[in-house]
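Here's the structure we're looking at; comments come further down.
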Amino acid sequence: MSQQMYSMVLGRVVAYLRQQHGWNQGELAERVDSTQSTISRVERGEVLPDALLFRELATAFDMTSDGLHDKVDEATKRAEAMAKVASPSVKEKKGDWWGAALAIVGAVGLVALVGAAVAALMGDEKK
């Protein structure tokens, strides 16, 4: 998985979890000893948090670093499956489905796809 893909999915997972806790970005930033702008950049997938911030984010959401990482991996798998269903061109790609999906649906479409995958993952976990 590329760093760009991981950043995007992690950002959507963090945003979803933050919203589920009823926090704004500033409140999450206070909980993890960071800034609102850093949380915003993480949520937009512009930056990967360092190991300390990653651990603090996981702790804020009452999970371990491994647990947060597992959520990102599962959301990525769901996004890949959704992309393959949506487009035969993505289905034909081995390995770099991310690049194929980006080329077909564009950045905005890929962000929406990842968001849908994260929402589906989190919705399933509530059941």
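Convention: chains lettered A, B, ... in structure tokens order; per-chain residue numbering from 1; ligands numbered from 1 as shown.
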Margin query: When you look at Gln20 (chain A) with a cut-off of 10 Å (counting only C-alpha atoms), what residues show up, excluding the ones that are within fewer than 6 positions of it in the same chain? I need them as a PyMOL selection string.
Written below: chain A and resi 14+61+122
Requested write-out: N, CA and C atoms of the selected residues, as a compact mmCIF listing (two decimals), in the first residue's frame:
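In the end it all went to selection_15.txt:
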# COMPACT_ATOMS: atom_id res chain seq x y z
N VAL A 14 -9.78 8.55 11.12
CA VAL A 14 -9.66 9.50 12.24
C VAL A 14 -10.86 10.45 12.24
N PHE A 61 -9.11 7.37 21.07
CA PHE A 61 -10.27 6.61 20.62
C PHE A 61 -10.43 5.28 21.35
N MET A 122 -17.20 1.00 9.92
CA MET A 122 -17.59 1.42 11.25
C MET A 122 -19.06 1.06 11.54
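Omitting Leu48 (chain A) and its sequence neighbours fewer than 5 positions away, and counting only C-alpha atoms, the residues within 10 Å are Gln3, Gln4, Tyr6, Ser7, Met8, Leu10, Gly11, Thr38, Arg41, Val42, Glu43, Leu53 and Phe54 of chain A.
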Include all heavy atoms and write out the residues we just selected as a tab-separated table (two decimals), in the first residue's frame.
chain	number	residue	atom	x	y	z
A	3	GLN	N	2.08	5.15	0.63
A	3	GLN	CA	1.96	6.09	1.75
A	3	GLN	C	0.77	7.02	1.54
A	3	GLN	O	0.05	7.33	2.48
A	3	GLN	CB	3.25	6.91	1.89
A	3	GLN	CG	3.20	7.90	3.04
A	3	GLN	CD	4.52	8.62	3.24
A	3	GLN	OE1	5.57	8.08	2.96
A	3	GLN	NE2	4.44	9.84	3.72
A	4	GLN	N	0.56	7.43	0.29
A	4	GLN	CA	-0.56	8.32	-0.02
A	4	GLN	C	-1.89	7.65	0.29
A	4	GLN	O	-2.79	8.26	0.87
A	4	GLN	CB	-0.49	8.73	-1.49
A	4	GLN	CG	-1.55	9.73	-1.89
A	4	GLN	CD	-1.45	10.09	-3.36
A	4	GLN	OE1	-0.77	9.42	-4.15
A	4	GLN	NE2	-2.12	11.15	-3.74
A	6	TYR	N	-2.40	5.10	2.40
A	6	TYR	CA	-2.51	4.92	3.85
A	6	TYR	C	-2.93	6.23	4.52
A	6	TYR	O	-3.80	6.24	5.39
A	6	TYR	CB	-1.19	4.40	4.43
A	6	TYR	CG	-1.34	3.92	5.85
A	6	TYR	CD1	-1.67	2.59	6.11
A	6	TYR	CD2	-1.16	4.78	6.92
A	6	TYR	CE1	-1.83	2.14	7.42
A	6	TYR	CE2	-1.32	4.34	8.23
A	6	TYR	CZ	-1.65	3.03	8.47
A	6	TYR	OH	-1.81	2.58	9.76
A	7	SER	N	-2.32	7.34	4.08
A	7	SER	CA	-2.65	8.65	4.65
A	7	SER	C	-4.11	8.99	4.45
A	7	SER	O	-4.79	9.48	5.35
A	7	SER	CB	-1.79	9.75	4.01
A	7	SER	OG	-0.45	9.59	4.33
A	8	MET	N	-4.61	8.73	3.23
A	8	MET	CA	-6.00	9.06	2.92
A	8	MET	C	-6.95	8.23	3.77
A	8	MET	O	-7.90	8.76	4.37
A	8	MET	CB	-6.30	8.82	1.45
A	8	MET	CG	-7.74	9.13	1.09
A	8	MET	SD	-8.19	8.66	-0.58
A	8	MET	CE	-7.21	9.81	-1.51
A	10	LEU	N	-6.31	6.55	6.62
A	10	LEU	CA	-6.16	6.91	8.03
A	10	LEU	C	-6.91	8.20	8.34
A	10	LEU	O	-7.61	8.30	9.35
A	10	LEU	CB	-4.68	7.07	8.41
A	10	LEU	CG	-4.42	7.59	9.82
A	10	LEU	CD1	-4.92	6.62	10.88
A	10	LEU	CD2	-2.95	7.90	10.02
A	11	GLY	N	-6.79	9.17	7.46
A	11	GLY	CA	-7.48	10.44	7.66
A	11	GLY	C	-8.99	10.28	7.76
A	11	GLY	O	-9.63	10.87	8.64
A	38	THR	N	-2.96	20.48	12.56
A	38	THR	CA	-2.34	19.17	12.34
A	38	THR	C	-3.41	18.10	12.20
A	38	THR	O	-3.33	17.25	11.29
A	38	THR	CB	-1.39	18.81	13.49
A	38	THR	OG1	-0.32	19.76	13.51
A	38	THR	CG2	-0.82	17.41	13.35
A	41	ARG	N	-4.93	18.37	8.79
A	41	ARG	CA	-4.06	17.83	7.74
A	41	ARG	C	-4.04	16.30	7.76
A	41	ARG	O	-4.01	15.67	6.71
A	41	ARG	CB	-2.64	18.39	7.90
A	41	ARG	CG	-2.59	19.89	7.57
A	41	ARG	CD	-1.20	20.47	7.69
A	41	ARG	NE	-0.39	19.89	6.62
A	41	ARG	CZ	0.91	19.60	6.75
A	41	ARG	NH1	1.54	19.82	7.88
A	41	ARG	NH2	1.57	19.09	5.75
A	42	VAL	N	-4.08	15.71	8.95
A	42	VAL	CA	-4.15	14.25	9.06
A	42	VAL	C	-5.46	13.77	8.44
A	42	VAL	O	-5.48	12.84	7.64
A	42	VAL	CB	-4.02	13.78	10.53
A	42	VAL	CG1	-4.40	12.30	10.67
A	42	VAL	CG2	-2.61	14.02	11.05
A	43	GLU	N	-6.56	14.40	8.80
A	43	GLU	CA	-7.87	13.98	8.31
A	43	GLU	C	-7.99	14.14	6.79
A	43	GLU	O	-8.71	13.37	6.15
A	43	GLU	CB	-8.99	14.74	9.02
A	43	GLU	CG	-9.17	14.31	10.45
A	43	GLU	CD	-10.35	14.96	11.14
A	43	GLU	OE1	-11.10	15.74	10.49
A	43	GLU	OE2	-10.54	14.69	12.34
A	53	LEU	N	2.16	10.64	17.73
A	53	LEU	CA	0.80	11.14	17.47
A	53	LEU	C	-0.13	10.00	17.10
A	53	LEU	O	-1.28	9.97	17.53
A	53	LEU	CB	0.82	12.21	16.38
A	53	LEU	CG	-0.54	12.82	16.02
A	53	LEU	CD1	-1.25	13.39	17.27
A	53	LEU	CD2	-0.38	13.90	14.96
A	54	PHE	N	0.35	9.04	16.32
A	54	PHE	CA	-0.47	7.88	15.98
A	54	PHE	C	-0.93	7.16	17.25
A	54	PHE	O	-2.12	6.84	17.39
A	54	PHE	CB	0.33	6.93	15.08
A	54	PHE	CG	-0.51	5.85	14.45
A	54	PHE	CD1	-1.09	6.05	13.21
A	54	PHE	CD2	-0.71	4.63	15.10
A	54	PHE	CE1	-1.86	5.05	12.62
A	54	PHE	CE2	-1.47	3.63	14.52
A	54	PHE	CZ	-2.06	3.85	13.28
Next item on the list: List the neighbours of region 21-29 of chain A out to 10 Å using only C-alpha atoms; skip same-chain residues closer than 4 positions along the sequence, and give me the result as a ChimeraX atom specification.
Entry: /A:14-17,33-40,43,53,56-57,60-61
Margin query: Please compute the CA of Leu121 (chain A)-CA of Thr59 (chain A) distance, one decimal, in Å.
Written below: 19.5 Å
Notebook entry, point to check: For Arg18 (chain A), which residue among A:Pro49, A:Ala58, A:Thr64, A:Ala81 is the nearest when counting only C-alpha atoms?
Noted result: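 Among the listed residues, the smallest separation from Arg18 (chain A) belongs to A:Ala58.
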Notebook entry, point to check: What gap, in Å, lies between CA of Gly123 (chain A) and CA of Glu74 (chain A)?
Noted result: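 Separation of CA of Gly123 (chain A) and CA of Glu74 (chain A): 12.8 Å.
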Notebook entry, point to check: Mind pulling up the distance from CA of His69 (chain A) to CA of Arg31 (chain A)?
Noted result: 19.2 Å
